[in-house]
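*Asks:* Just so it is clear, I am handing over coords.csv, which has CSV, all heavy atoms.
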```csv
chain,number,residue,atom,x,y,z
S,620,MET,N,-4.8,-53.4,96.1
S,620,MET,CA,-5.1,-52.6,97.3
S,620,MET,C,-4.6,-53.4,98.5
S,620,MET,O,-5.0,-54.5,98.7
S,620,MET,CB,-6.6,-52.3,97.4
S,620,MET,CG,-6.9,-51.5,98.7
S,620,MET,SD,-8.7,-51.2,98.9
S,620,MET,CE,-9.0,-50.3,97.5
S,621,GLY,N,-3.7,-52.8,99.3
S,621,GLY,CA,-3.2,-53.5,100.4
S,621,GLY,C,-4.1,-53.4,101.6
S,621,GLY,O,-5.2,-52.7,101.6
S,622,LEU,N,-3.8,-54.0,102.7
S,622,LEU,CA,-4.6,-53.9,103.9
S,622,LEU,C,-4.7,-52.5,104.5
S,622,LEU,O,-5.8,-52.1,104.9
S,622,LEU,CB,-4.0,-54.9,105.0
S,622,LEU,CG,-4.8,-55.0,106.3
S,622,LEU,CD1,-6.2,-55.5,106.0
S,622,LEU,CD2,-4.1,-56.0,107.2
S,623,ARG,N,-3.6,-51.7,104.4
S,623,ARG,CA,-3.7,-50.4,104.9
S,623,ARG,C,-4.7,-49.5,104.2
S,623,ARG,O,-5.5,-48.8,104.8
S,623,ARG,CB,-2.3,-49.7,104.7
S,623,ARG,CG,-1.5,-49.7,106.0
S,623,ARG,CD,-0.3,-48.9,105.7
S,623,ARG,NE,0.8,-49.4,106.5
S,623,ARG,CZ,0.9,-49.1,107.8
S,623,ARG,NH1,0.1,-48.4,108.4
S,623,ARG,NH2,1.9,-49.7,108.5
S,624,GLU,N,-4.8,-49.7,102.9
S,624,GLU,CA,-5.8,-48.9,102.1
S,624,GLU,C,-7.2,-49.4,102.4
S,624,GLU,O,-8.1,-48.7,102.4
S,624,GLU,CB,-5.5,-49.1,100.6
S,624,GLU,CG,-4.2,-48.3,100.1
S,624,GLU,CD,-3.0,-49.1,100.3
S,624,GLU,OE1,-3.0,-50.3,100.8
S,624,GLU,OE2,-1.9,-48.6,100.1
S,625,LEU,N,-7.3,-50.7,102.6
S,625,LEU,CA,-8.6,-51.3,102.9
S,625,LEU,C,-9.2,-50.7,104.2
S,625,LEU,O,-10.3,-50.4,104.3
S,625,LEU,CB,-8.5,-52.8,103.0
S,625,LEU,CG,-9.8,-53.5,103.3
S,625,LEU,CD1,-10.9,-53.3,102.2
S,625,LEU,CD2,-9.6,-55.0,103.5
S,626,TRP,N,-8.3,-50.6,105.3
S,626,TRP,CA,-8.8,-50.0,106.5
S,626,TRP,C,-9.3,-48.6,106.4
S,626,TRP,O,-10.2,-48.2,107.1
S,626,TRP,CB,-7.6,-50.0,107.6
S,626,TRP,CG,-7.3,-51.4,108.2
S,626,TRP,CD1,-6.2,-52.1,108.0
S,626,TRP,CD2,-8.2,-52.2,109.0
S,626,TRP,NE1,-6.3,-53.3,108.6
S,626,TRP,CE2,-7.5,-53.3,109.3
S,626,TRP,CE3,-9.5,-52.0,109.5
S,626,TRP,CZ2,-8.1,-54.3,110.1
S,626,TRP,CZ3,-10.0,-52.9,110.3
S,626,TRP,CH2,-9.3,-54.1,110.6
S,627,TYR,N,-8.7,-47.9,105.5
S,627,TYR,CA,-9.2,-46.5,105.3
S,627,TYR,C,-10.6,-46.4,104.8
S,627,TYR,O,-11.4,-45.6,105.1
S,627,TYR,CB,-8.3,-45.8,104.3
S,627,TYR,CG,-8.6,-44.4,104.0
S,627,TYR,CD1,-8.4,-43.4,105.0
S,627,TYR,CD2,-9.3,-44.0,102.8
S,627,TYR,CE1,-8.8,-42.1,104.8
S,627,TYR,CE2,-9.6,-42.7,102.6
S,627,TYR,CZ,-9.4,-41.7,103.6
S,627,TYR,OH,-9.7,-40.4,103.3
S,628,PHE,N,-11.0,-47.4,103.9
S,628,PHE,CA,-12.3,-47.4,103.3
S,628,PHE,C,-13.4,-48.1,104.1
S,628,PHE,O,-14.6,-48.0,103.8
S,628,PHE,CB,-12.3,-48.0,101.9
S,628,PHE,CG,-11.5,-47.1,101.0
S,628,PHE,CD1,-10.2,-47.5,100.5
S,628,PHE,CD2,-12.0,-45.9,100.6
S,628,PHE,CE1,-9.5,-46.7,99.7
S,628,PHE,CE2,-11.3,-45.1,99.7
S,628,PHE,CZ,-10.0,-45.5,99.3
S,629,LEU,N,-13.0,-48.9,105.2
S,629,LEU,CA,-14.0,-49.5,106.0
S,629,LEU,C,-14.8,-48.5,106.8
S,629,LEU,O,-14.3,-47.6,107.3
S,629,LEU,CB,-13.3,-50.5,107.0
S,629,LEU,CG,-12.8,-51.8,106.3
S,629,LEU,CD1,-12.0,-52.6,107.4
S,629,LEU,CD2,-13.8,-52.6,105.7
S,630,PRO,N,-16.1,-48.7,106.8
S,630,PRO,CA,-17.0,-47.7,107.5
S,630,PRO,C,-16.8,-47.9,109.0
S,630,PRO,O,-17.1,-48.9,109.6
S,630,PRO,CB,-18.4,-48.1,107.1
S,630,PRO,CG,-18.3,-49.5,106.7
S,630,PRO,CD,-16.9,-49.7,106.2
S,631,ILE,N,-16.2,-46.8,109.6
S,631,ILE,CA,-16.0,-46.8,111.1
S,631,ILE,C,-17.2,-46.0,111.7
S,631,ILE,O,-17.7,-46.4,112.8
S,631,ILE,CB,-14.7,-46.1,111.4
S,631,ILE,CG1,-13.5,-46.9,110.8
S,631,ILE,CG2,-14.5,-45.9,112.9
S,631,ILE,CD1,-12.2,-46.2,110.9
S,632,GLY,N,-17.6,-45.0,111.1
S,632,GLY,CA,-18.6,-44.1,111.6
S,632,GLY,C,-18.7,-43.0,110.6
S,632,GLY,O,-17.7,-42.7,109.9
S,633,GLU,N,-19.8,-42.3,110.5
S,633,GLU,CA,-19.9,-41.3,109.5
S,633,GLU,C,-19.0,-40.1,109.7
S,633,GLU,O,-18.6,-39.4,108.8
S,633,GLU,CB,-21.4,-40.8,109.4
S,633,GLU,CG,-22.3,-41.8,108.9
S,633,GLU,CD,-23.7,-41.3,108.7
S,633,GLU,OE1,-23.9,-40.1,108.7
S,633,GLU,OE2,-24.6,-42.2,108.7
S,634,THR,N,-18.7,-39.8,111.0
S,634,THR,CA,-17.8,-38.6,111.2
S,634,THR,C,-16.3,-39.0,111.4
S,634,THR,O,-15.5,-38.2,111.5
S,634,THR,CB,-18.3,-37.9,112.5
S,634,THR,OG1,-18.3,-38.8,113.6
S,634,THR,CG2,-19.7,-37.4,112.3
S,635,ASP,N,-16.0,-40.3,111.6
S,635,ASP,CA,-14.6,-40.7,111.9
S,635,ASP,C,-14.1,-41.5,110.7
S,635,ASP,O,-14.0,-42.7,110.6
S,635,ASP,CB,-14.6,-41.6,113.1
S,635,ASP,CG,-13.2,-41.9,113.6
S,635,ASP,OD1,-12.3,-41.2,113.2
S,635,ASP,OD2,-13.0,-42.8,114.4
S,636,GLN,N,-13.6,-40.7,109.7
S,636,GLN,CA,-13.0,-41.3,108.5
S,636,GLN,C,-11.5,-40.9,108.4
S,636,GLN,O,-11.1,-40.2,107.4
S,636,GLN,CB,-13.7,-40.9,107.2
S,636,GLN,CG,-15.1,-41.5,107.1
S,636,GLN,CD,-15.1,-43.0,106.8
S,636,GLN,OE1,-14.2,-43.4,106.1
S,636,GLN,NE2,-16.0,-43.7,107.4
S,637,THR,N,-10.7,-41.2,109.3
S,637,THR,CA,-9.3,-40.8,109.3
S,637,THR,C,-8.4,-41.9,108.7
S,637,THR,O,-8.7,-43.1,108.8
S,637,THR,CB,-8.8,-40.5,110.8
S,637,THR,OG1,-9.0,-41.7,111.6
S,637,THR,CG2,-9.5,-39.4,111.4
S,638,SER,N,-7.4,-41.5,108.0
S,638,SER,CA,-6.5,-42.4,107.4
S,638,SER,C,-5.5,-42.9,108.5
S,638,SER,O,-5.2,-42.2,109.5
S,638,SER,CB,-5.7,-41.8,106.3
S,638,SER,OG,-4.9,-40.7,106.7
S,639,ILE,N,-4.8,-44.0,108.2
S,639,ILE,CA,-3.9,-44.6,109.1
S,639,ILE,C,-2.5,-44.0,108.8
S,639,ILE,O,-2.1,-44.0,107.6
S,639,ILE,CB,-3.8,-46.1,109.0
S,639,ILE,CG1,-5.1,-46.7,109.4
S,639,ILE,CG2,-2.7,-46.7,109.8
S,639,ILE,CD1,-5.2,-48.2,109.1
S,640,THR,N,-1.9,-43.4,109.8
S,640,THR,CA,-0.5,-42.8,109.6
S,640,THR,C,0.4,-43.3,110.7
S,640,THR,O,0.0,-43.4,111.8
S,640,THR,CB,-0.6,-41.3,109.7
S,640,THR,OG1,-1.5,-40.8,108.7
S,640,THR,CG2,0.8,-40.7,109.4
S,641,GLU,N,1.6,-43.7,110.3
S,641,GLU,CA,2.5,-44.3,111.2
S,641,GLU,C,3.8,-43.4,111.1
S,641,GLU,O,4.1,-42.9,110.1
S,641,GLU,CB,2.9,-45.7,110.8
S,641,GLU,CG,3.8,-46.4,111.7
S,641,GLU,CD,4.0,-47.9,111.2
S,641,GLU,OE1,3.0,-48.5,110.7
S,641,GLU,OE2,5.1,-48.3,111.4
S,642,THR,N,4.4,-43.2,112.2
S,642,THR,CA,5.6,-42.4,112.3
S,642,THR,C,6.8,-43.3,112.6
S,642,THR,O,6.8,-44.1,113.5
S,642,THR,CB,5.5,-41.3,113.4
S,642,THR,OG1,4.4,-40.5,113.2
S,642,THR,CG2,6.7,-40.4,113.4
S,643,HIS,N,7.9,-43.1,111.8
S,643,HIS,CA,9.2,-43.8,112.0
S,643,HIS,C,10.2,-42.7,112.3
S,643,HIS,O,10.4,-41.8,111.5
S,643,HIS,CB,9.5,-44.6,110.8
S,643,HIS,CG,10.8,-45.3,110.9
S,643,HIS,ND1,11.0,-46.4,111.7
S,643,HIS,CD2,12.0,-45.0,110.3
S,643,HIS,CE1,12.3,-46.7,111.6
S,643,HIS,NE2,12.9,-45.9,110.8
S,644,ILE,N,11.0,-42.9,113.3
S,644,ILE,CA,12.1,-42.0,113.7
S,644,ILE,C,13.4,-42.7,113.7
S,644,ILE,O,13.5,-43.8,114.4
S,644,ILE,CB,11.8,-41.4,115.1
S,644,ILE,CG1,10.4,-40.7,115.1
S,644,ILE,CG2,12.9,-40.4,115.5
S,644,ILE,CD1,9.9,-40.3,116.5
S,645,GLU,N,14.4,-42.2,113.0
S,645,GLU,CA,15.7,-42.8,113.0
S,645,GLU,C,16.8,-41.7,113.0
S,645,GLU,O,16.5,-40.5,112.7
S,645,GLU,CB,15.9,-43.7,111.8
S,645,GLU,CG,15.9,-43.0,110.5
S,645,GLU,CD,16.1,-44.0,109.4
S,645,GLU,OE1,15.6,-45.2,109.4
S,645,GLU,OE2,16.7,-43.6,108.4
S,646,CYS,N,18.0,-42.1,113.3
S,646,CYS,CA,19.1,-41.1,113.4
S,646,CYS,C,19.5,-40.8,111.9
S,646,CYS,O,19.7,-41.7,111.1
S,646,CYS,CB,20.3,-41.7,114.1
S,646,CYS,SG,21.8,-40.7,114.1
S,647,ARG,N,19.8,-39.6,111.6
S,647,ARG,CA,20.2,-39.2,110.3
S,647,ARG,C,21.6,-39.6,110.0
S,647,ARG,O,22.0,-39.9,108.8
S,647,ARG,CB,20.2,-37.6,110.1
S,647,ARG,CG,18.8,-37.0,110.1
S,647,ARG,CD,18.9,-35.5,109.9
S,647,ARG,NE,17.7,-34.9,110.1
S,647,ARG,CZ,16.8,-34.7,109.2
S,647,ARG,NH1,17.0,-35.1,108.0
S,647,ARG,NH2,15.6,-34.1,109.5
S,648,ASN,N,22.5,-39.8,111.0
S,648,ASN,CA,23.9,-40.2,110.8
S,648,ASN,C,24.1,-41.7,110.7
S,648,ASN,O,24.7,-42.1,109.8
S,648,ASN,CB,24.7,-39.6,111.9
S,648,ASN,CG,24.8,-38.1,112.0
S,648,ASN,OD1,24.5,-37.5,110.9
S,648,ASN,ND2,25.1,-37.5,113.1
S,649,CYS,N,23.6,-42.4,111.7
S,649,CYS,CA,23.9,-43.9,111.8
S,649,CYS,C,22.7,-44.8,111.4
S,649,CYS,O,22.9,-46.0,111.3
S,649,CYS,CB,24.5,-44.2,113.1
S,649,CYS,SG,23.3,-44.1,114.5
S,650,GLY,N,21.5,-44.2,111.4
S,650,GLY,CA,20.3,-45.0,111.0
S,650,GLY,C,19.7,-45.8,112.1
S,650,GLY,O,18.8,-46.6,111.9
S,651,THR,N,20.1,-45.6,113.4
S,651,THR,CA,19.5,-46.3,114.5
S,651,THR,C,18.1,-45.8,114.7
S,651,THR,O,17.8,-44.7,114.6
S,651,THR,CB,20.3,-45.9,115.8
S,651,THR,OG1,21.7,-46.3,115.6
S,651,THR,CG2,19.8,-46.6,117.0
S,652,ASN,N,17.2,-46.8,115.0
S,652,ASN,CA,15.8,-46.5,115.3
S,652,ASN,C,15.7,-45.8,116.7
S,652,ASN,O,16.4,-46.3,117.6
S,652,ASN,CB,14.9,-47.7,115.3
S,652,ASN,CG,14.8,-48.3,114.0
S,652,ASN,OD1,14.9,-47.7,113.0
S,652,ASN,ND2,14.5,-49.6,113.9
S,653,LEU,N,15.0,-44.7,116.7
S,653,LEU,CA,15.0,-43.9,118.0
S,653,LEU,C,13.5,-43.8,118.5
S,653,LEU,O,12.6,-44.0,117.8
S,653,LEU,CB,15.4,-42.4,117.7
S,653,LEU,CG,16.8,-42.3,117.1
S,653,LEU,CD1,17.1,-40.8,116.8
S,653,LEU,CD2,17.9,-42.8,118.1
S,654,GLU,N,13.5,-43.6,119.8
S,654,GLU,CA,12.2,-43.4,120.5
S,654,GLU,C,11.7,-42.0,120.3
S,654,GLU,O,12.6,-41.1,120.1
S,654,GLU,CB,12.3,-43.7,122.0
S,654,GLU,CG,12.7,-45.1,122.4
S,654,GLU,CD,11.7,-46.1,122.0
S,654,GLU,OE1,10.5,-45.8,122.1
S,654,GLU,OE2,12.0,-47.2,121.6
S,655,PRO,N,10.4,-41.7,120.3
S,655,PRO,CA,9.9,-40.4,120.0
S,655,PRO,C,10.4,-39.3,121.0
S,655,PRO,O,10.5,-38.1,120.6
S,655,PRO,CB,8.4,-40.5,120.1
S,655,PRO,CG,8.1,-42.0,119.9
S,655,PRO,CD,9.3,-42.7,120.4
S,656,ASP,N,10.7,-39.6,122.2
S,656,ASP,CA,11.1,-38.6,123.2
S,656,ASP,C,12.6,-38.2,123.1
S,656,ASP,O,13.0,-37.3,123.9
S,656,ASP,CB,10.7,-39.1,124.6
S,656,ASP,CG,11.4,-40.4,125.0
S,656,ASP,OD1,11.9,-41.1,124.1
S,656,ASP,OD2,11.5,-40.7,126.2
S,657,LEU,N,13.4,-38.8,122.2
S,657,LEU,CA,14.8,-38.5,122.2
S,657,LEU,C,15.0,-37.4,121.2
S,657,LEU,O,14.4,-37.3,120.1
S,657,LEU,CB,15.6,-39.7,121.7
S,657,LEU,CG,15.6,-40.9,122.7
S,657,LEU,CD1,16.3,-42.1,122.0
S,657,LEU,CD2,16.3,-40.5,124.0
S,658,SER,N,15.9,-36.4,121.6
S,658,SER,CA,16.2,-35.3,120.7
S,658,SER,C,17.6,-35.5,120.0
S,658,SER,O,17.9,-34.9,119.0
S,658,SER,CB,16.3,-34.0,121.5
S,658,SER,OG,17.2,-34.1,122.5
S,659,THR,N,18.4,-36.5,120.5
S,659,THR,CA,19.7,-36.9,119.9
S,659,THR,C,19.8,-38.4,120.0
S,659,THR,O,19.2,-39.0,120.8
S,659,THR,CB,20.9,-36.2,120.5
S,659,THR,OG1,20.9,-36.5,121.9
S,659,THR,CG2,20.8,-34.7,120.4
S,660,CYS,N,20.6,-38.9,119.1
S,660,CYS,CA,20.9,-40.4,119.1
S,660,CYS,C,21.8,-40.7,120.2
S,660,CYS,O,22.9,-40.1,120.4
S,660,CYS,CB,21.6,-40.7,117.7
S,660,CYS,SG,22.0,-42.5,117.6
S,661,PRO,N,21.5,-41.7,121.0
S,661,PRO,CA,22.3,-42.1,122.1
S,661,PRO,C,23.6,-42.8,121.7
S,661,PRO,O,24.6,-42.9,122.4
S,661,PRO,CB,21.5,-43.1,122.9
S,661,PRO,CG,20.4,-43.6,122.0
S,661,PRO,CD,20.2,-42.5,121.0
S,662,ASP,N,23.7,-43.3,120.4
S,662,ASP,CA,24.8,-44.0,119.9
S,662,ASP,C,25.9,-43.0,119.4
S,662,ASP,O,27.1,-43.2,119.6
S,662,ASP,CB,24.5,-45.0,118.8
S,662,ASP,CG,23.7,-46.2,119.4
S,662,ASP,OD1,23.7,-46.4,120.6
S,662,ASP,OD2,22.9,-46.8,118.6
S,663,CYS,N,25.4,-42.0,118.5
S,663,CYS,CA,26.4,-41.2,117.9
S,663,CYS,C,26.2,-39.7,118.1
S,663,CYS,O,27.0,-38.9,117.7
S,663,CYS,CB,26.4,-41.5,116.4
S,663,CYS,SG,25.0,-40.9,115.5
S,664,GLY,N,25.1,-39.3,118.7
S,664,GLY,CA,24.8,-37.9,119.0
S,664,GLY,C,24.1,-37.2,117.8
S,664,GLY,O,24.0,-36.0,117.8
S,665,GLY,N,23.7,-38.0,116.8
S,665,GLY,CA,23.1,-37.4,115.6
S,665,GLY,C,21.7,-36.9,115.8
S,665,GLY,O,21.1,-37.2,116.8
S,666,ASN,N,21.2,-36.2,114.9
S,666,ASN,CA,19.8,-35.6,114.9
S,666,ASN,C,18.8,-36.7,114.4
S,666,ASN,O,19.1,-37.4,113.5
S,666,ASN,CB,19.7,-34.3,114.1
S,666,ASN,CG,20.5,-33.2,114.7
S,666,ASN,OD1,20.7,-33.1,115.9
S,666,ASN,ND2,21.1,-32.4,113.8
S,667,PRO,N,17.6,-36.7,115.0
S,667,PRO,CA,16.6,-37.6,114.5
S,667,PRO,C,16.0,-37.1,113.2
S,667,PRO,O,15.8,-35.9,112.9
S,667,PRO,CB,15.5,-37.6,115.6
S,667,PRO,CG,15.7,-36.3,116.3
S,667,PRO,CD,17.2,-35.9,116.1
S,668,ALA,N,15.6,-38.1,112.3
S,668,ALA,CA,14.8,-37.8,111.1
S,668,ALA,C,13.5,-38.5,111.3
S,668,ALA,O,13.4,-39.7,111.7
S,668,ALA,CB,15.5,-38.4,109.9
S,669,VAL,N,12.4,-37.8,111.1
S,669,VAL,CA,11.0,-38.3,111.3
S,669,VAL,C,10.4,-38.5,110.0
S,669,VAL,O,10.3,-37.6,109.1
S,669,VAL,CB,10.2,-37.3,112.2
S,669,VAL,CG1,8.8,-37.8,112.4
S,669,VAL,CG2,10.9,-37.0,113.5
S,670,TYR,N,9.8,-39.7,109.8
S,670,TYR,CA,9.1,-40.1,108.5
S,670,TYR,C,7.7,-40.4,108.9
S,670,TYR,O,7.4,-41.2,109.7
S,670,TYR,CB,9.8,-41.3,107.9
S,670,TYR,CG,11.3,-41.1,107.5
S,670,TYR,CD1,12.3,-41.5,108.4
S,670,TYR,CD2,11.6,-40.4,106.4
S,670,TYR,CE1,13.6,-41.3,108.0
S,670,TYR,CE2,12.9,-40.1,106.1
S,670,TYR,CZ,13.9,-40.7,106.9
S,670,TYR,OH,15.2,-40.4,106.6
S,671,GLU,N,6.8,-39.7,108.1
S,671,GLU,CA,5.3,-40.0,108.2
S,671,GLU,C,5.0,-41.0,107.2
S,671,GLU,O,5.1,-40.7,106.0
S,671,GLU,CB,4.5,-38.8,108.1
S,671,GLU,CG,4.7,-37.8,109.1
S,671,GLU,CD,4.1,-38.1,110.5
S,671,GLU,OE1,3.0,-38.8,110.4
S,671,GLU,OE2,4.6,-37.7,111.5
S,672,ILE,N,4.6,-42.2,107.5
S,672,ILE,CA,4.2,-43.3,106.6
S,672,ILE,C,2.7,-43.4,106.6
S,672,ILE,O,2.1,-43.7,107.6
S,672,ILE,CB,4.9,-44.6,107.0
S,672,ILE,CG1,6.4,-44.4,107.1
S,672,ILE,CG2,4.5,-45.7,106.0
S,672,ILE,CD1,7.1,-45.6,107.7
S,673,SER,N,2.1,-43.2,105.4
S,673,SER,CA,0.7,-43.3,105.3
S,673,SER,C,0.3,-44.1,104.2
S,673,SER,O,1.0,-44.5,103.4
S,673,SER,CB,0.1,-41.9,105.2
S,673,SER,OG,0.5,-41.2,104.1
```
Could you spell out this file's structure in structure tokens?
*Replies:*
Amino acid sequence: MGLRELWYFLPIGETDQTSITETHIECRNCGTNLEPDLSTCPDCGGNPAVYEIS
């Protein structure tokens, strides 16, 4: 069990048991890491790909 899984099981409060989710956004064409507010890649004009890592 890694640290991410351990954080999920630690008691935060009886009503707040949310899992940790991280979002990674990169260009589908060239792989450049993108900021969340961009709709196209500034390097090549490609579309962003959004990955939910949990």
*Asks:* Find the residues around Val669 in chain S up to 4.5 Å (all heavy atoms counted), leave out those fewer than 5 positions away in its own chain, and share them as a short mmCIF file (atom, residue, chain, number, x, y, z; two decimals) with all heavy atoms, keeping the file's coordinate frame.
*Replies:*
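In the end it all went to around_19.cif:
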```cif
data_model
loop_
_atom_site.label_atom_id
_atom_site.label_comp_id
_atom_site.auth_asym_id
_atom_site.auth_seq_id
_atom_site.Cartn_x
_atom_site.Cartn_y
_atom_site.Cartn_z
N THR S 642 4.40 -43.20 112.20
CA THR S 642 5.60 -42.40 112.30
C THR S 642 6.80 -43.30 112.60
O THR S 642 6.80 -44.10 113.50
CB THR S 642 5.50 -41.30 113.40
OG1 THR S 642 4.40 -40.50 113.20
CG2 THR S 642 6.70 -40.40 113.40
N HIS S 643 7.90 -43.10 111.80
CA HIS S 643 9.20 -43.80 112.00
C HIS S 643 10.20 -42.70 112.30
O HIS S 643 10.40 -41.80 111.50
CB HIS S 643 9.50 -44.60 110.80
CG HIS S 643 10.80 -45.30 110.90
ND1 HIS S 643 11.00 -46.40 111.70
CD2 HIS S 643 12.00 -45.00 110.30
CE1 HIS S 643 12.30 -46.70 111.60
NE2 HIS S 643 12.90 -45.90 110.80
N ILE S 644 11.00 -42.90 113.30
CA ILE S 644 12.10 -42.00 113.70
C ILE S 644 13.40 -42.70 113.70
O ILE S 644 13.50 -43.80 114.40
CB ILE S 644 11.80 -41.40 115.10
CG1 ILE S 644 10.40 -40.70 115.10
CG2 ILE S 644 12.90 -40.40 115.50
CD1 ILE S 644 9.90 -40.30 116.50
#
```
*Asks:* If you count only C-alpha atoms, which residues fall within 7 Å of Glu645 in chain S, apart from same-chain ones fewer than 4 positions away, as a ChimeraX atom specification?
*Replies:* /S:650-653,667-669
*Asks:* Quote the spacing between CA of Cys663 in chain S and CA of Cys649 in chain S in Å to one decimal place.
*Replies:*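 Computing it gives 7.1 Å between the two atoms.
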*Asks:* Work out how far atom N of Ser673 in chain S is from CG2 of Thr659 in chain S, in Å to one decimal.
*Replies:*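 Going from CG2 of Thr659 in chain S over to atom N of Ser673 in chain S covers 25.4 Å.
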*Asks:* Distance OD1 of Asp662 in chain S-CD of Arg647 in chain S, one decimal place?
*Replies:* 16.0 Å
*Asks:* Could the centre and edge lengths of an axis-aligned box, enclosing all atoms of range 649-654 of chain S in the file with 3 Å extra on each side, be given in Å to one decimal as JSON?
*Replies:*
```
{"center_x": 17.5, "center_y": -45.2, "center_z": 116.7, "size_x": 20.0, "size_y": 14.8, "size_z": 17.4}
```
